[in-house]
file input.txt (compact mmCIF, C-alpha atoms)
# COMPACT_ATOMS: atom_id res chain seq x y z
CA MET A 122 72.88 130.92 27.52
CA ALA A 123 75.62 133.48 26.87
CA ASP A 124 77.24 133.87 23.48
CA VAL A 125 80.66 135.10 22.42
CA SER A 126 79.50 138.70 22.46
CA SER A 127 79.52 138.46 26.26
CA PRO A 128 83.03 137.09 26.66
CA LYS A 129 83.12 136.81 30.44
CA GLU A 130 79.77 135.03 30.67
CA PHE A 131 80.73 132.88 27.65
CA LEU A 132 84.02 131.80 29.20
CA THR A 133 82.37 131.34 32.61
CA GLU A 134 79.87 128.89 31.08
CA LEU A 135 82.75 127.10 29.34
CA LEU A 136 84.65 126.89 32.65
CA MET A 137 81.61 125.44 34.39
CA THR A 138 81.10 122.93 31.57
CA VAL A 139 84.78 121.86 31.65
CA ASP A 140 84.75 121.54 35.45
CA ALA A 141 81.56 119.46 35.24
CA LEU A 142 83.13 117.31 32.51
CA ASP A 143 86.27 116.71 34.60
CA ALA A 144 84.15 115.86 37.63
CA ASP A 145 82.04 113.44 35.60
CA LYS A 146 85.14 111.75 34.15
CA SER A 147 86.63 111.38 37.61
CA GLU A 148 83.33 109.99 38.88
CA LEU A 149 83.20 107.57 35.92
CA ASP A 150 86.67 106.26 36.74
CA GLY A 151 85.54 105.62 40.30
CA LEU A 152 82.34 103.95 39.15
CA LEU A 153 84.23 101.68 36.72
CA SER A 154 86.66 100.72 39.50
CA ALA A 155 83.74 99.99 41.82
CA LYS A 156 82.07 97.93 39.09
CA LYS A 157 85.20 95.80 38.73
CA GLN A 158 85.33 95.21 42.48
CA LEU A 159 81.63 94.37 42.69
CA GLU A 160 81.79 91.96 39.77
CA GLY A 161 84.91 90.36 41.30
CA ALA A 162 83.12 89.97 44.63
CA LEU A 163 80.13 88.38 42.88
CA ASP A 164 82.32 85.98 40.89
CA SER A 165 84.20 85.06 44.07
CA LEU A 166 80.93 84.48 45.92
CA ILE A 167 79.60 82.27 43.12
CA LYS A 168 82.83 80.24 42.96
CA ASN A 169 83.05 79.86 46.74
CA THR A 170 79.40 78.82 46.86
CA GLU A 171 80.01 76.14 44.22
CA LYS A 172 83.10 74.95 46.09
CA GLU A 173 81.10 74.79 49.31
CA LYS A 174 78.43 72.74 47.54
CA THR A 175 80.98 70.34 46.06
CA SER A 176 82.85 69.98 49.36
CA MET A 177 79.68 69.47 51.39
CA VAL A 178 78.21 66.90 49.00
CA ARG A 179 81.49 65.00 48.74
CA SER A 180 81.99 65.01 52.52
CA ARG A 181 78.45 63.82 53.28
CA ARG A 182 78.62 61.14 50.59
CA GLU A 183 81.95 59.88 51.92
CA ASP A 184 80.46 59.78 55.44
CA ILE A 185 77.58 57.60 54.22
CA ALA A 186 79.92 55.31 52.27
CA ALA A 187 82.36 55.04 55.19
CA GLY A 188 79.58 54.07 57.60
CA PHE A 189 78.34 51.31 55.32
CA ASP A 190 81.90 50.23 54.51
CA ARG A 191 82.54 49.59 58.19
CA GLN A 192 79.40 47.47 58.34
CA ILE A 193 80.39 45.62 55.16
CA LYS A 194 83.88 44.98 56.50
CA ALA A 195 82.41 43.51 59.69
CA ALA A 196 79.91 41.43 57.68
CA LYS A 197 82.68 40.07 55.44
CA SER A 198 84.66 39.15 58.53
CA GLU A 199 81.65 37.24 59.86
CA VAL A 200 81.26 35.47 56.49
CA ARG A 201 84.95 34.48 56.53
CA THR A 202 84.66 33.24 60.10
CA ALA A 203 81.54 31.22 59.30
CA GLY A 204 83.22 29.85 56.18
CA SER A 205 86.34 28.93 58.13
CA ARG A 206 84.30 27.12 60.76
CA ARG A 207 82.41 25.22 58.07
CA GLN A 208 85.65 24.31 56.31
CA LYS A 209 87.17 23.19 59.61
CA ALA A 210 84.15 20.99 60.29
CA LEU A 211 84.36 19.63 56.74
CA ASN A 212 88.08 18.88 57.11
CA GLU A 213 87.47 17.17 60.43
CA GLY A 214 84.69 15.12 58.84
CA MET A 215 86.89 14.13 55.88
CA ASP A 216 89.78 13.29 58.20
CA LYS A 217 87.49 11.14 60.29
CA LYS A 218 86.11 9.43 57.19
CA ALA A 219 89.60 8.94 55.77
CA LYS A 220 90.84 7.56 59.07
CA GLU A 221 87.96 5.09 59.10
CA ALA A 222 88.48 4.17 55.44
CA THR A 223 92.23 3.56 55.94
CA LYS A 224 91.84 1.80 59.27
CA ASP A 225 92.66 -1.63 57.84
CA VAL A 226 95.61 -0.32 55.82
CA ARG A 227 97.05 1.53 58.79
CA GLY A 228 96.51 -1.50 60.99
CA GLU A 229 98.35 -3.64 58.47
CA ASN A 230 101.22 -1.12 58.45
CA ASP A 231 101.39 -1.23 62.24
CA GLY A 232 101.83 -4.98 61.88
CA HIS A 233 104.58 -4.52 59.28
CA ARG A 234 106.45 -2.10 61.56
CA GLU A 235 106.21 -4.53 64.45
CA THR A 236 107.40 -7.31 62.13
CA LEU A 237 110.39 -5.17 61.13
CA LYS A 238 111.30 -4.50 64.76
CA THR A 239 110.94 -8.20 65.64
CA TYR A 240 113.03 -9.25 62.66
CA VAL A 241 115.83 -6.81 63.54
CA ARG A 242 115.74 -7.90 67.17
CA ASN A 243 115.65 -11.67 66.48
CA HIS A 244 118.50 -11.52 63.95
CA LYS A 245 120.52 -9.21 66.20
CA LEU A 246 120.84 -6.58 63.48
CA PRO A 247 121.99 -2.98 64.11
CA PRO A 248 119.09 -0.87 65.50
CA VAL A 249 119.52 1.51 62.61
CA PHE A 250 117.84 -1.10 60.38
CA LYS A 251 114.54 -0.23 62.07
CA SER A 252 114.80 3.36 60.72
CA ARG A 253 113.49 4.18 57.25
CA LEU A 254 116.11 6.95 57.03
CA TYR A 255 118.80 4.29 56.71
CA TYR A 256 117.13 2.73 53.67
CA ALA A 257 116.56 6.17 52.11
CA LEU A 258 120.31 6.96 52.41
CA PHE A 259 121.92 3.59 51.74
CA CYS A 260 119.31 1.72 49.67
CA PRO A 261 117.80 4.45 47.48
CA GLY A 262 118.06 2.84 44.06
CA ILE A 263 119.67 4.36 40.96
CA ILE A 264 117.57 7.54 40.95
CA GLY A 265 118.07 7.87 44.68
CA TYR A 266 121.85 7.70 44.33
CA VAL A 267 121.72 10.42 41.64
CA ILE A 268 119.67 12.65 43.96
CA LEU A 269 122.06 11.99 46.86
CA ALA A 270 125.05 12.88 44.67
CA ALA A 271 123.38 16.09 43.56
CA LEU A 272 122.57 17.06 47.16
CA PHE A 273 126.15 16.27 48.20
CA CYS A 274 127.52 18.58 45.47
CA ILE A 275 125.13 21.37 46.40
CA ILE A 276 126.03 21.16 50.09
CA MET A 277 129.74 21.16 49.31
CA GLY A 278 129.36 24.12 46.97
CA ILE A 279 127.51 26.16 49.60
CA SER A 280 130.07 25.22 52.24
CA GLY A 281 132.96 26.18 49.96
CA ALA A 282 131.37 29.55 49.16
CA MET A 283 130.88 30.32 52.84
CA ILE A 284 134.44 29.31 53.70
CA THR A 285 135.85 31.38 50.84
CA ARG A 286 133.82 34.43 51.84
CA SER A 287 134.98 34.20 55.45
CA ALA A 288 138.63 33.62 54.53
CA ALA A 289 141.07 36.54 54.91
CA VAL A 290 142.21 36.17 51.30
CA ALA A 291 139.46 35.15 48.91
CA ALA A 292 141.88 33.78 46.33
CA SER A 293 143.70 31.63 48.88
CA ILE A 294 143.78 27.89 48.15
CA ALA A 295 143.43 26.95 51.84
CA PRO A 296 139.60 27.04 51.96
CA TRP A 297 139.33 24.79 48.93
CA VAL A 298 141.81 22.33 50.42
CA PHE A 299 139.76 22.31 53.63
CA MET A 300 136.58 21.72 51.66
CA GLY A 301 138.22 18.87 49.77
CA ILE A 302 139.25 17.22 53.02
CA ILE A 303 135.67 17.44 54.32
CA ALA A 304 134.37 15.91 51.09
CA ILE A 305 136.83 13.01 51.33
CA VAL A 306 135.94 12.38 55.00
CA LEU A 307 132.20 12.37 54.29
CA ALA A 308 132.61 10.10 51.27
CA PHE A 309 134.86 7.74 53.25
CA ASP A 310 132.36 7.56 56.13
CA TYR A 311 129.51 6.85 53.71
CA ILE A 312 131.48 4.02 52.05
CA ILE A 313 132.47 2.50 55.43
CA ILE A 314 128.85 2.49 56.67
CA TRP A 315 127.63 1.16 53.33
CA ALA A 316 130.22 -1.66 53.27
CA ASN A 317 129.65 -2.67 56.92
CA THR A 318 125.90 -2.91 56.46
CA ARG A 319 124.99 -3.54 52.84
CA ILE A 320 127.63 -6.20 52.30
CA ARG A 321 127.64 -7.78 55.75
CA TYR A 322 123.82 -7.96 56.07
CA ARG A 323 122.93 -8.31 52.41
CA ASP A 324 120.22 -10.98 52.84
CA GLU A 325 118.78 -9.46 55.99
CA ILE A 326 118.53 -6.03 54.32
CA LYS A 327 116.59 -7.60 51.44
CA SER A 328 114.08 -8.99 53.92
CA CYS A 329 113.83 -5.63 55.68
CA LEU A 330 113.40 -3.84 52.34
CA ASN A 331 110.49 -6.14 51.45
CA ILE A 332 108.78 -5.12 54.68
CA ILE A 333 109.57 -1.42 53.99
CA LYS A 334 108.14 -1.77 50.48
CA SER A 335 104.93 -3.23 51.93
CA ILE A 336 104.69 -0.27 54.32
CA ARG A 337 105.26 2.21 51.46
CA LYS A 338 102.68 0.44 49.31
CA ASN A 339 100.09 0.67 52.08
CA GLU A 340 100.94 4.33 52.71
CA LYS A 341 100.50 5.07 49.03
CA GLN A 342 97.15 3.30 49.06
CA ALA A 343 96.09 5.26 52.17
CA ARG A 344 97.03 8.57 50.50
CA LYS A 345 95.07 7.58 47.42
CA ILE A 346 92.01 6.85 49.56
CA GLU A 347 92.37 10.20 51.36
CA ARG A 348 92.68 12.10 48.06
CA SER A 349 89.63 10.39 46.62
CA ILE A 350 87.60 11.33 49.72
CA LYS A 351 88.69 14.99 49.52
CA LYS A 352 88.01 15.15 45.78
CA ALA A 353 84.57 13.57 46.07
CA GLY A 354 83.00 16.87 47.21
CA ASP A 355 80.15 15.09 48.94
CA ASP A 356 79.49 17.73 51.61
CA ASP A 357 76.04 16.35 52.42
CA SER A 358 77.52 13.32 54.13
CA TYR A 359 79.31 15.40 56.79
CA ASP A 360 76.27 16.96 58.51
CA LEU A 361 77.19 20.59 57.76
CA HIS A 362 73.61 21.92 57.67
CA GLU A 363 74.02 23.97 60.82
CA TYR A 364 77.20 25.59 59.45
CA ASP A 365 75.51 26.14 56.06
CA GLU A 366 72.60 27.96 57.73
CA VAL A 367 74.95 30.24 59.65
CA LEU A 368 77.04 30.94 56.54
CA LYS A 369 73.90 31.65 54.48
CA GLU A 370 72.65 34.03 57.16
CA LYS A 371 75.96 35.92 57.20
CA GLN A 372 76.09 36.10 53.38
CA THR A 373 72.51 37.38 53.28
CA LYS A 374 73.38 40.04 55.84
CA LEU A 375 76.40 41.08 53.75
CA GLU A 376 74.34 41.27 50.54
CA GLU A 377 71.62 43.30 52.31
CA THR A 378 74.21 45.74 53.66
CA GLU A 379 75.81 46.14 50.23
CA GLU A 380 72.38 46.76 48.67
CA ALA A 381 71.52 49.25 51.45
CA ARG A 382 74.76 51.09 50.72
CA LYS A 383 73.93 51.24 47.04
CA GLN A 384 70.39 52.52 47.68
CA ALA A 385 71.54 55.06 50.30
CA LEU A 386 74.11 56.54 47.92
CA LEU A 387 71.55 56.56 45.08
CA LYS A 388 69.02 58.40 47.27
CA PHE A 389 71.72 60.83 48.35
CA ASP A 390 72.76 61.56 44.75
CA GLU A 391 69.19 61.99 43.50
CA ASP A 392 67.61 63.79 46.47
CA THR A 393 69.70 64.73 49.50
CA ALA A 394 72.60 66.22 47.51
CA LEU A 395 70.18 68.55 45.69
CA LYS A 396 68.65 69.68 48.99
CA LEU A 397 72.07 70.37 50.48
CA LYS A 398 72.98 72.46 47.45
CA GLU A 399 69.69 74.37 47.70
CA GLU A 400 70.33 75.08 51.39
CA ILE A 401 73.80 76.42 50.65
CA GLU A 402 72.45 78.49 47.75
CA ALA A 403 69.72 79.92 49.98
CA ARG A 404 72.26 80.80 52.68
CA HIS A 405 74.17 83.00 50.22
CA ALA A 406 71.15 84.21 48.23
CA GLU A 407 70.73 87.49 50.13
CA GLU A 408 74.40 88.43 49.74
CA LYS A 409 74.32 87.48 46.05
CA ALA A 410 71.14 89.50 45.47
CA SER A 411 72.67 92.49 47.26
CA LEU A 412 75.76 92.37 45.05
CA LYS A 413 73.66 92.10 41.90
CA GLU A 414 71.53 95.04 43.03
CA ARG A 415 74.63 97.13 43.71
CA ILE A 416 76.07 96.16 40.30
CA PHE A 417 72.80 97.17 38.61
CA ALA A 418 72.78 100.50 40.44
CA ASN A 419 76.45 101.02 39.58
CA GLU A 420 75.76 100.38 35.91
CA ALA A 421 72.93 102.93 36.00
CA GLU A 422 75.29 105.51 37.52
CA ILE A 423 77.94 104.68 34.90
CA ASN A 424 75.43 105.17 32.10
CA SER A 425 74.31 108.46 33.66
CA ALA A 426 77.92 109.67 33.96
CA LYS A 427 78.65 108.66 30.37
CA GLU A 428 75.58 110.52 29.19
CA ARG A 429 76.62 113.69 31.08
CA ILE A 430 80.13 113.43 29.63
CA ARG A 431 78.70 113.01 26.14
CA THR A 432 76.44 116.05 26.61
CA SER A 433 79.30 118.18 27.96
CA GLU A 434 81.67 117.17 25.18
CA ASN A 435 79.00 117.86 22.55
CA GLU A 436 78.39 121.30 24.01
CA ILE A 437 82.10 122.11 24.14
CA ASN A 438 82.63 120.90 20.57
CA SER A 439 79.60 122.73 19.17
CA ARG A 440 79.80 126.04 21.11
CA PHE A 441 83.28 126.70 22.45
CA ILE A 442 86.12 124.98 20.57
CA SER A 443 85.68 127.13 17.47
CA TYR A 444 86.38 130.27 19.60
CA VAL A 445 88.98 129.14 22.16
CA GLY A 446 90.64 126.15 20.42
CA ALA A 447 91.02 122.61 21.74
CA ALA A 448 94.38 123.40 23.37
CA ASN A 449 92.69 125.91 25.72
CA ILE A 450 89.92 123.60 26.93
CA ASN A 451 91.14 123.16 30.50
CA HIS A 452 90.36 124.85 33.81
CA ASP A 453 93.56 126.87 34.25
CA ARG A 454 93.68 128.42 30.78
CA ILE A 455 89.98 129.29 30.80
CA ALA A 456 90.35 130.89 34.26
CA ALA A 457 93.35 132.86 32.97
CA MET A 458 91.30 134.17 30.02
CA ILE A 459 88.50 135.27 32.35
CA LYS A 460 91.08 137.12 34.48
CA LEU A 461 92.41 138.96 31.39
CA ILE A 462 88.90 140.12 30.58
CA ASP A 463 88.25 141.16 34.21
CA GLU A 464 91.49 143.18 34.25
CA GLY A 465 90.64 144.87 30.93
CA ALA A 466 93.63 143.35 29.19
CA ALA A 467 91.30 141.75 26.64
CA GLY A 468 87.86 142.79 25.43
CA THR A 469 86.88 139.70 23.47
CA VAL A 470 87.43 135.96 23.66
CA SER A 471 89.76 136.10 20.65
CA GLU A 472 91.89 138.82 22.30
CA ALA A 473 92.03 136.79 25.53
CA VAL A 474 93.19 133.71 23.56
CA ALA A 475 95.79 135.83 21.73
CA LYS A 476 97.06 137.39 24.98
CA LEU A 477 97.23 133.93 26.56
CA ASP A 478 99.22 132.57 23.65
CA GLU A 479 101.67 135.49 23.94
CA LYS A 480 102.61 134.52 27.52

call {"tool": "encode", "arguments": {"input": "input.txt", "output": "structure tokens"}}
result
Amino acid sequence: MADVSSPKEFLTELLMTVDALDADKSELDGLLSAKKQLEGALDSLIKNTEKEKTSMVRSRREDIAAGFDRQIKAAKSEVRTAGSRRQKALNEGMDKKAKEATKDVRGENDGHRETLKTYVRNHKLPPVFKSRLYYALFCPGIIGYVILAALFCIIMGISGAMITRSAAVAASIAPWVFMGIIAIVLAFDYIIIWANTRIRYRDEIKSCLNIIKSIRKNEKQARKIERSIKKAGDDDSYDLHEYDEVLKEKQTKLEETEEARKQALLKFDEDTALKLKEEIEARHAEEKASLKERIFANEAEINSAKERIRTSENEINSRFISYVGAANINHDRIAAMIKLIDEGAAGTVSEAVAKLDEK
């Protein structure tokens, strides 16, 4: 180890130490950059592995659920079909029972209708008297007349609005005059028909109305019987056992499929999903281990470079700065001082520093 009394050897050692320090700092920068890249690659690998796990598990779980959902959809369709067939059979049974229960009432009404036709024919009344529509329009009672008046106003209002909208000038009075004429014609026709029938055949209409009332009474009774049969809820009397067995079988199949779906998803969540994740982890384990090994080796090299830098800086600070000054601790200035000594322009380190400062 040269001292300051051998200026060339002293400065040569300093030059070598500075060059080694610069090389170590440059190497450290490269190692730190490599460390950042390696750690980024490891983080990316870990994140991508987790994404792959999540995506794989979600996809496989959705596949299982979708498969069972198709089965469940088909099973529900079969349950609905079986239920519809049972309901159809029940309705047919109730209709048959209602038809049987109202047989006498309907037969009596058939007699009333025949009586009405015979009465109209024997008394040479207008054929319209055989129609119940006539009595609904011209013999409705007080409430009936109110309803007819309301319907008449509604129809006229709609007609007037349509005529006004289609008219060239919306504010024109012509559409309203036209609507008024229609209203008068309809009212006049109604009064003429009413007068020529209600007044002329007053007694005959009363007899016809009595028959109509009997028909309505029987129809009301028949509807009451039908409602009571439908509300009874006595399914056992309609021989639906075969339909009930089919429906029960379809419902059981649906429940079993739903339970199988639940158990399959539970098994997947508790077992299969973990195995899939382990397989994915194992597939990337070698790459992950390699990156960790390279990071560990890189950290060792960084620590070694830092230690060399610390040693070089300690040596420069303890041996050389006091003679050459901190401003001269670089390759070019140290090489220039060595050249001065080689050329004989300076005999000591201090003279070489002084000569260098003069330039």

call {"tool": "closest_atom_pairs", "arguments": {"input": "input.txt", "of": "range 324-419 of chain A", "to": "range 222-233 of chain A", "cutoff": "7 Å", "atoms": "all atoms listed in the file", "output": "tab-separated table"}}
result
residue	atom	partner	partner_atom	distance
A:Ile332	CA	A:His233	CA	6.3
A:Ile336	CA	A:Asn230	CA	5.5
A:Asn339	CA	A:Val226	CA	5.9
A:Ala343	CA	A:Thr223	CA	5.7

call {"tool": "atom_distance", "arguments": {"input": "input.txt", "atom1": "CA of Val470 in chain A", "atom2": "CA of Lys129 in chain A"}}
result
8.1 Å

call {"tool": "closest_atom_pairs", "arguments": {"input": "input.txt", "of": "range 328-367 of chain A", "to": "range 240-248 of chain A", "cutoff": "12 Å", "atoms": "all atoms listed in the file", "output": "Markdown table"}}
result
| residue | atom | partner | partner_atom | distance |
| --- | --- | --- | --- | --- |
| A:Ser328 | CA | A:Tyr240 | CA | 8.8 |
| A:Cys329 | CA | A:Tyr240 | CA | 7.9 |
| A:Leu330 | CA | A:Tyr240 | CA | 11.7 |
| A:Asn331 | CA | A:Tyr240 | CA | 11.9 |
| A:Ile332 | CA | A:Tyr240 | CA | 9.9 |

call {"tool": "write_last_selection", "arguments": {"input": "input.txt", "atoms": "C-alpha atoms", "output": "compact mmCIF listing (two decimals), in the coordinates of the input"}}
result
# COMPACT_ATOMS: atom_id res chain seq x y z
CA SER A 328 114.08 -8.99 53.92
CA CYS A 329 113.83 -5.63 55.68
CA LEU A 330 113.40 -3.84 52.34
CA ASN A 331 110.49 -6.14 51.45
CA ILE A 332 108.78 -5.12 54.68

call {"tool": "closest_residue", "arguments": {"input": "input.txt", "among": "A:Ala457, A:Leu153, A:Leu159, A:Val200", "to": "Leu375 in chain A", "atoms": "only C-alpha atoms"}}
result
A:Val200

call {"tool": "residues_around", "arguments": {"input": "input.txt", "residues": "range 165-168 of chain A", "least_positions_apart": "3", "cutoff": "12 Å", "atoms": "only C-alpha atoms", "output": "MDAnalysis selection string"}}
result
chainID A and resid 158:162 171:175 401:402 404:413

call {"tool": "write_last_selection", "arguments": {"input": "input.txt", "atoms": "C-alpha atoms", "output": "PDB file, in the coordinates of the input"}}
result
ATOM      1  CA  GLN A 158      85.330  95.210  42.480  1.00  0.00           C
ATOM      2  CA  LEU A 159      81.630  94.370  42.690  1.00  0.00           C
ATOM      3  CA  GLU A 160      81.790  91.960  39.770  1.00  0.00           C
ATOM      4  CA  GLY A 161      84.910  90.360  41.300  1.00  0.00           C
ATOM      5  CA  ALA A 162      83.120  89.970  44.630  1.00  0.00           C
ATOM      6  CA  GLU A 171      80.010  76.140  44.220  1.00  0.00           C
ATOM      7  CA  LYS A 172      83.100  74.950  46.090  1.00  0.00           C
ATOM      8  CA  GLU A 173      81.100  74.790  49.310  1.00  0.00           C
ATOM      9  CA  LYS A 174      78.430  72.740  47.540  1.00  0.00           C
ATOM     10  CA  THR A 175      80.980  70.340  46.060  1.00  0.00           C
ATOM     11  CA  ILE A 401      73.800  76.420  50.650  1.00  0.00           C
ATOM     12  CA  GLU A 402      72.450  78.490  47.750  1.00  0.00           C
ATOM     13  CA  ARG A 404      72.260  80.800  52.680  1.00  0.00           C
ATOM     14  CA  HIS A 405      74.170  83.000  50.220  1.00  0.00           C
ATOM     15  CA  ALA A 406      71.150  84.210  48.230  1.00  0.00           C
ATOM     16  CA  GLU A 407      70.730  87.490  50.130  1.00  0.00           C
ATOM     17  CA  GLU A 408      74.400  88.430  49.740  1.00  0.00           C
ATOM     18  CA  LYS A 409      74.320  87.480  46.050  1.00  0.00           C
ATOM     19  CA  ALA A 410      71.140  89.500  45.470  1.00  0.00           C
ATOM     20  CA  SER A 411      72.670  92.490  47.260  1.00  0.00           C
ATOM     21  CA  LEU A 412      75.760  92.370  45.050  1.00  0.00           C
ATOM     22  CA  LYS A 413      73.660  92.100  41.900  1.00  0.00           C
TER      23      LYS A 413
END

call {"tool": "atom_distance", "arguments": {"input": "input.txt", "atom1": "CA of Val125 in chain A", "atom2": "CA of Phe441 in chain A"}}
result
8.8 Å

call {"tool": "atom_distance", "arguments": {"input": "input.txt", "atom1": "CA of Leu136 in chain A", "atom2": "CA of Ala456 in chain A"}}
result
7.1 Å

call {"tool": "residues_around", "arguments": {"input": "input.txt", "residues": "Ile346 in chain A", "least_positions_apart": "4", "cutoff": "9 Å", "atoms": "only C-alpha atoms", "output": "PyMOL selection string"}}
result
chain A and resi 219+222-223+341-342+350-351

call {"tool": "residues_near_point", "arguments": {"input": "input.txt", "point": "(82.5, 120.7, 33.3)", "cutoff": "12 Å", "atoms": "all atoms listed in the file", "output": "MDAnalysis selection string"}}
result
chainID A and resid 132:147 426 429:437 450:452 455

call {"tool": "closest_residue", "arguments": {"input": "input.txt", "among": "A:Lys427, A:Asp392, A:Pro128, A:Ser198", "to": "Glu472 in chain A", "atoms": "only C-alpha atoms"}}
result
A:Pro128

call {"tool": "axis_aligned_box", "arguments": {"input": "input.txt", "around": "range 125-143 of chain A", "padding_each_side": "8 Å", "output": "JSON"}}
result
{"center_x": 82.9, "center_y": 127.7, "center_z": 28.9, "size_x": 22.8, "size_y": 38.0, "size_z": 29.0}

call {"tool": "closest_residue", "arguments": {"input": "input.txt", "among": "A:Ala403, A:Leu395, A:Leu387, A:Ala381", "to": "Gln192 in chain A", "atoms": "all atoms listed in the file"}}
result
A:Ala381

call {"tool": "closest_residue", "arguments": {"input": "input.txt", "among": "A:Lys194, A:Arg201, A:Arg181, A:Arg207", "to": "Asp356 in chain A", "atoms": "all atoms listed in the file"}}
result
A:Arg207

call {"tool": "closest_residue", "arguments": {"input": "input.txt", "among": "A:Phe417, A:Tyr444, A:Phe389, A:Tyr255", "to": "Ser126 in chain A", "atoms": "only C-alpha atoms"}}
result
A:Tyr444

call {"tool": "closest_residue", "arguments": {"input": "input.txt", "among": "A:Asp124, A:Asp390, A:Glu130, A:Glu366", "to": "Ile459 in chain A", "atoms": "all atoms listed in the file"}}
result
A:Glu130
